[in-house]
$ cat work.pdb   # PDB, C-alpha atoms and all ligand atoms
ATOM      1  CA  MET B 628      -2.060 -25.200  14.899  1.00  0.00           C
ATOM      2  CA  TRP B 629      -2.309 -24.438  11.237  1.00  0.00           C
ATOM      3  CA  SER B 630      -5.917 -24.801  10.152  1.00  0.00           C
ATOM      4  CA  LEU B 631      -6.675 -25.749   6.595  1.00  0.00           C
ATOM      5  CA  LYS B 632      -8.070 -22.961   4.494  1.00  0.00           C
ATOM      6  CA  VAL B 633      -9.978 -23.509   1.297  1.00  0.00           C
ATOM      7  CA  CYS B 634      -7.631 -21.164  -0.490  1.00  0.00           C
ATOM      8  CA  VAL B 635      -4.337 -19.527   0.337  1.00  0.00           C
ATOM      9  CA  ARG B 636      -1.873 -17.260  -1.392  1.00  0.00           C
ATOM     10  CA  ARG B 637       1.865 -17.672  -1.381  1.00  0.00           C
ATOM     11  CA  GLU B 638       4.616 -15.140  -2.051  1.00  0.00           C
ATOM     12  CA  ASP B 639       6.086 -17.202  -4.868  1.00  0.00           C
ATOM     13  CA  HIS B 640       2.959 -17.672  -6.925  1.00  0.00           C
ATOM     14  CA  ALA B 641       0.635 -15.104  -8.435  1.00  0.00           C
ATOM     15  CA  HIS B 642      -2.525 -17.149  -8.185  1.00  0.00           C
ATOM     16  CA  THR B 643      -4.624 -18.405  -5.341  1.00  0.00           C
ATOM     17  CA  LEU B 644      -4.059 -21.992  -4.333  1.00  0.00           C
ATOM     18  CA  SER B 645      -7.121 -24.008  -3.588  1.00  0.00           C
ATOM     19  CA  LEU B 646      -7.374 -26.980  -1.313  1.00  0.00           C
ATOM     20  CA  LEU B 647      -8.094 -30.301  -2.934  1.00  0.00           C
ATOM     21  CA  TYR B 648      -9.323 -32.761  -0.392  1.00  0.00           C
ATOM     22  CA  VAL B 649      -8.440 -35.596  -2.719  1.00  0.00           C
ATOM     23  CA  ASN B 650      -5.476 -35.422  -5.034  1.00  0.00           C
ATOM     24  CA  PRO B 651      -6.773 -36.684  -8.368  1.00  0.00           C
ATOM     25  CA  TYR B 652      -3.323 -36.999  -9.915  1.00  0.00           C
ATOM     26  CA  PRO B 653      -1.480 -40.320  -9.824  1.00  0.00           C
ATOM     27  CA  SER B 654       1.810 -38.527  -9.436  1.00  0.00           C
ATOM     28  CA  PHE B 655       2.147 -34.896  -8.544  1.00  0.00           C
ATOM     29  CA  THR B 656       5.404 -33.364  -7.442  1.00  0.00           C
ATOM     30  CA  CYS B 657       5.261 -30.868  -4.605  1.00  0.00           C
ATOM     31  CA  ASP B 658       6.671 -27.534  -5.769  1.00  0.00           C
ATOM     32  CA  VAL B 659       8.030 -26.772  -2.309  1.00  0.00           C
ATOM     33  CA  CYS B 660       9.827 -29.897  -1.131  1.00  0.00           C
ATOM     34  CA  ARG B 661       9.961 -31.679  -4.508  1.00  0.00           C
ATOM     35  CA  GLY B 662       8.497 -34.773  -2.928  1.00  0.00           C
ATOM     36  CA  ALA B 663       5.669 -36.776  -4.438  1.00  0.00           C
ATOM     37  CA  ILE B 664       2.142 -36.093  -3.282  1.00  0.00           C
ATOM     38  CA  ALA B 665       0.328 -39.361  -2.796  1.00  0.00           C
ATOM     39  CA  GLN B 666      -2.858 -39.829  -4.745  1.00  0.00           C
ATOM     40  CA  ASN B 667      -6.047 -39.341  -2.730  1.00  0.00           C
ATOM     41  CA  HIS B 668      -4.261 -37.182  -0.164  1.00  0.00           C
ATOM     42  CA  CYS B 669      -5.080 -33.528   0.495  1.00  0.00           C
ATOM     43  CA  MET B 670      -3.045 -31.020  -1.432  1.00  0.00           C
ATOM     44  CA  TYR B 671      -3.089 -27.428  -2.573  1.00  0.00           C
ATOM     45  CA  ARG B 672      -3.131 -26.660  -6.248  1.00  0.00           C
ATOM     46  CA  CYS B 673      -3.137 -23.452  -8.289  1.00  0.00           C
ATOM     47  CA  SER B 674      -6.723 -22.421  -8.889  1.00  0.00           C
ATOM     48  CA  SER B 675      -5.837 -20.873 -12.253  1.00  0.00           C
ATOM     49  CA  GLY B 676      -4.781 -24.167 -13.749  1.00  0.00           C
ATOM     50  CA  CYS B 677      -0.971 -23.955 -13.504  1.00  0.00           C
ATOM     51  CA  ASP B 678       0.942 -27.138 -12.934  1.00  0.00           C
ATOM     52  CA  TYR B 679       1.692 -25.872  -9.470  1.00  0.00           C
ATOM     53  CA  GLY B 680       0.800 -27.569  -6.250  1.00  0.00           C
ATOM     54  CA  MET B 681       2.145 -28.697  -2.935  1.00  0.00           C
ATOM     55  CA  HIS B 682       1.602 -30.751   0.168  1.00  0.00           C
ATOM     56  CA  VAL B 683      -0.755 -29.266   2.680  1.00  0.00           C
ATOM     57  CA  LYS B 684       2.129 -29.319   5.171  1.00  0.00           C
ATOM     58  CA  CYS B 685       4.349 -27.383   2.750  1.00  0.00           C
ATOM     59  CA  VAL B 686       1.950 -24.474   2.262  1.00  0.00           C
ATOM     60  CA  PRO B 687       2.729 -22.426   5.416  1.00  0.00           C
ATOM     61  CA  ALA B 688       6.434 -22.129   4.567  1.00  0.00           C
ATOM     62  CA  LYS B 689       5.975 -19.107   2.318  1.00  0.00           C
ATOM     63  CA  VAL B 690       2.440 -17.952   2.801  1.00  0.00           C
ATOM     64  CA  SER B 691       2.057 -14.305   1.937  1.00  0.00           C
ATOM     65  CA  GLU B 692       0.566 -11.707   4.240  1.00  0.00           C
ATOM     66  CA  GLN B 693      -2.983 -11.984   2.986  1.00  0.00           C
ATOM     67  CA  ALA B 694      -3.148 -15.522   4.220  1.00  0.00           C
ATOM     68  CA  PRO B 695      -4.430 -16.311   7.675  1.00  0.00           C
ATOM     69  CA  MET B 696      -1.785 -16.454  10.351  1.00  0.00           C
ATOM     70  CA  ASN B 697      -1.473 -18.865  13.179  1.00  0.00           C
ATOM     71  CA  GLU B 698      -2.002 -17.700  16.735  1.00  0.00           C
ATOM     72  CA  MET B 699       1.669 -17.065  17.573  1.00  0.00           C
ATOM     73  CA  THR B 700       2.302 -15.028  14.457  1.00  0.00           C
ATOM     74  CA  PHE B 701      -0.870 -13.108  15.034  1.00  0.00           C
ATOM     75  CA  GLN B 702       0.153 -12.197  18.590  1.00  0.00           C
ATOM     76  CA  LEU B 703       3.575 -11.147  17.367  1.00  0.00           C
ATOM     77  CA  GLU B 704       2.131  -8.955  14.621  1.00  0.00           C
ATOM     78  CA  MET B 705      -0.247  -7.311  17.067  1.00  0.00           C
ATOM     79  CA  PHE B 706       2.635  -6.668  19.442  1.00  0.00           C
ATOM     80  CA  LYS B 707       4.698  -5.071  16.667  1.00  0.00           C
ATOM     81  CA  LEU B 708       1.733  -2.970  15.595  1.00  0.00           C
ATOM     82  CA  GLN B 709       1.124  -1.762  19.138  1.00  0.00           C
ATOM     83  CA  ASN B 710       4.776  -0.835  19.493  1.00  0.00           C
ATOM     84  CA  GLN B 711       4.680   1.082  16.240  1.00  0.00           C
ATOM     85  CA  MET B 712       1.642   2.983  17.439  1.00  0.00           C
ATOM     86  CA  LYS B 713       3.356   3.795  20.730  1.00  0.00           C
ATOM     87  CA  VAL B 714       6.394   5.146  18.939  1.00  0.00           C
ATOM     88  CA  HIS B 715       4.140   7.180  16.687  1.00  0.00           C
ATOM     89  CA  GLN B 716       2.232   8.535  19.680  1.00  0.00           C
ATOM     90  CA  MET B 717       5.499   9.491  21.392  1.00  0.00           C
ATOM     91  CA  ALA B 718       6.598  11.363  18.306  1.00  0.00           C
ATOM     92  CA  VAL B 719       3.318  13.262  18.252  1.00  0.00           C
ATOM     93  CA  ASP B 720       3.614  14.072  21.970  1.00  0.00           C
ATOM     94  CA  THR B 721       7.148  15.346  21.503  1.00  0.00           C
ATOM     95  CA  MET B 722       6.021  17.556  18.667  1.00  0.00           C
ATOM     96  CA  LEU B 723       3.159  18.962  20.724  1.00  0.00           C
ATOM     97  CA  LEU B 724       5.422  19.518  23.714  1.00  0.00           C
ATOM     98  CA  GLY B 725       7.920  21.190  21.445  1.00  0.00           C
ATOM     99  CA  ASN B 726       5.281  23.588  20.236  1.00  0.00           C
ATOM    100  CA  HIS B 727       4.117  24.356  23.750  1.00  0.00           C
ATOM    101  CA  GLY B 728       7.636  24.976  24.958  1.00  0.00           C
ATOM    102  CA  LEU B 729       8.357  27.290  22.105  1.00  0.00           C
ATOM    103  CA  HIS B 730       8.152  30.922  23.078  1.00  0.00           C
ATOM    104  CA  ARG B 731       7.264  32.987  20.170  1.00  0.00           C
ATOM    105  CA  ASN B 732       8.877  36.326  20.452  1.00  0.00           C
ATOM    106  CA  ARG B 733       6.880  38.876  18.682  1.00  0.00           C
ATOM    107  CA  TYR B 734       8.464  42.085  17.799  1.00  0.00           C
ATOM    108  CA  TYR B 735       6.061  44.857  17.261  1.00  0.00           C
ATOM    109  CA  ARG B 736       7.699  47.643  15.460  1.00  0.00           C
ATOM    110  CA  TYR B 737       6.094  51.009  15.477  1.00  0.00           C
TER
HETATM  111 ZN    ZN E 801       5.948 -30.874  -0.017  1.00  0.00          ZN
HETATM  112 ZN    ZN E 802      -0.921 -20.378 -11.079  1.00  0.00          ZN
END
$ encode --input "work.pdb" --output "structure tokens" --more "lines below"
Ligand SMILES: [Zn+2]
Ligand SMILES: [Zn+2]
Amino acid sequence: MWSLKVCVRREDHAHTLSLLYVNPYPSFTCDVCRGAIAQNHCMYRCSSGCDYGMHVKCVPAKVSEQAPMNEMTFQLEMFKLQNQMKVHQMAVDTMLLGNHGLHRNRYYRY
């Protein structure tokens, strides 16, 4: 489940969006789905004062990486990260093995 955060960031907007528990505007158009946000409903709005806001349900669509992730996404990211580390470790092992297997022929010339 997506839990409501007091502020989130989205890829398509430079500023932080803050959660308004009560929409004070009689008519506010959601910048994601273009639908009207009913007055007195929760919404997210740009904290820097832009005329930019959206439904709470529309926020997760394009949330940027800094924003909290839901459980599934989190598991997936961890899995990817672990895989990356494994690949990295394998590369290091191969390099070390390569060095060990390398016979350095030294020619001493007198
Ligand atoms: Zn919307
Ligand atoms: Zn803004």
$ residues_around --input "work.pdb" --residues "stretch 662-665 of chain B" --least-positions-apart "2" --cutoff "12 Å" --atoms "only C-alpha atoms" --output "number ranges by chain"
B: 647-660, 667-672, 679-685
$ residues_near_ligand --input "work.pdb" --ligand "ligand ZN 802 (chain E)" --cutoff "6 Å" --atoms "only C-alpha atoms and all ligand atoms" --output "list in words"
His642, Cys673, Ser675 and Cys677 of chain B
$ atom_distance --input "work.pdb" --atom1 "atom CA of B:Gln702" --atom2 "atom CA of B:Pro687"
16.9 Å
$ atom_distance --input "work.pdb" --atom1 "atom CA of B:Ser674" --atom2 "atom CA of B:Ser645"
5.5 Å
$ atom_distance --input "work.pdb" --atom1 "atom CA of B:Phe701" --atom2 "atom CA of B:Leu631"
16.3 Å
$ closest_residue --input "work.pdb" --among "B:Val635, B:Val686, B:Ala641, B:Gln711" --to "ligand ZN 801 (chain E)" --atoms "all atoms listed in the file"
B:Val686
$ closest_residue --input "work.pdb" --among "B:Leu644, B:Arg661, B:Asp720, B:Val633" --to "ligand ZN 801 (chain E)" --atoms "only C-alpha atoms and all ligand atoms"
B:Arg661
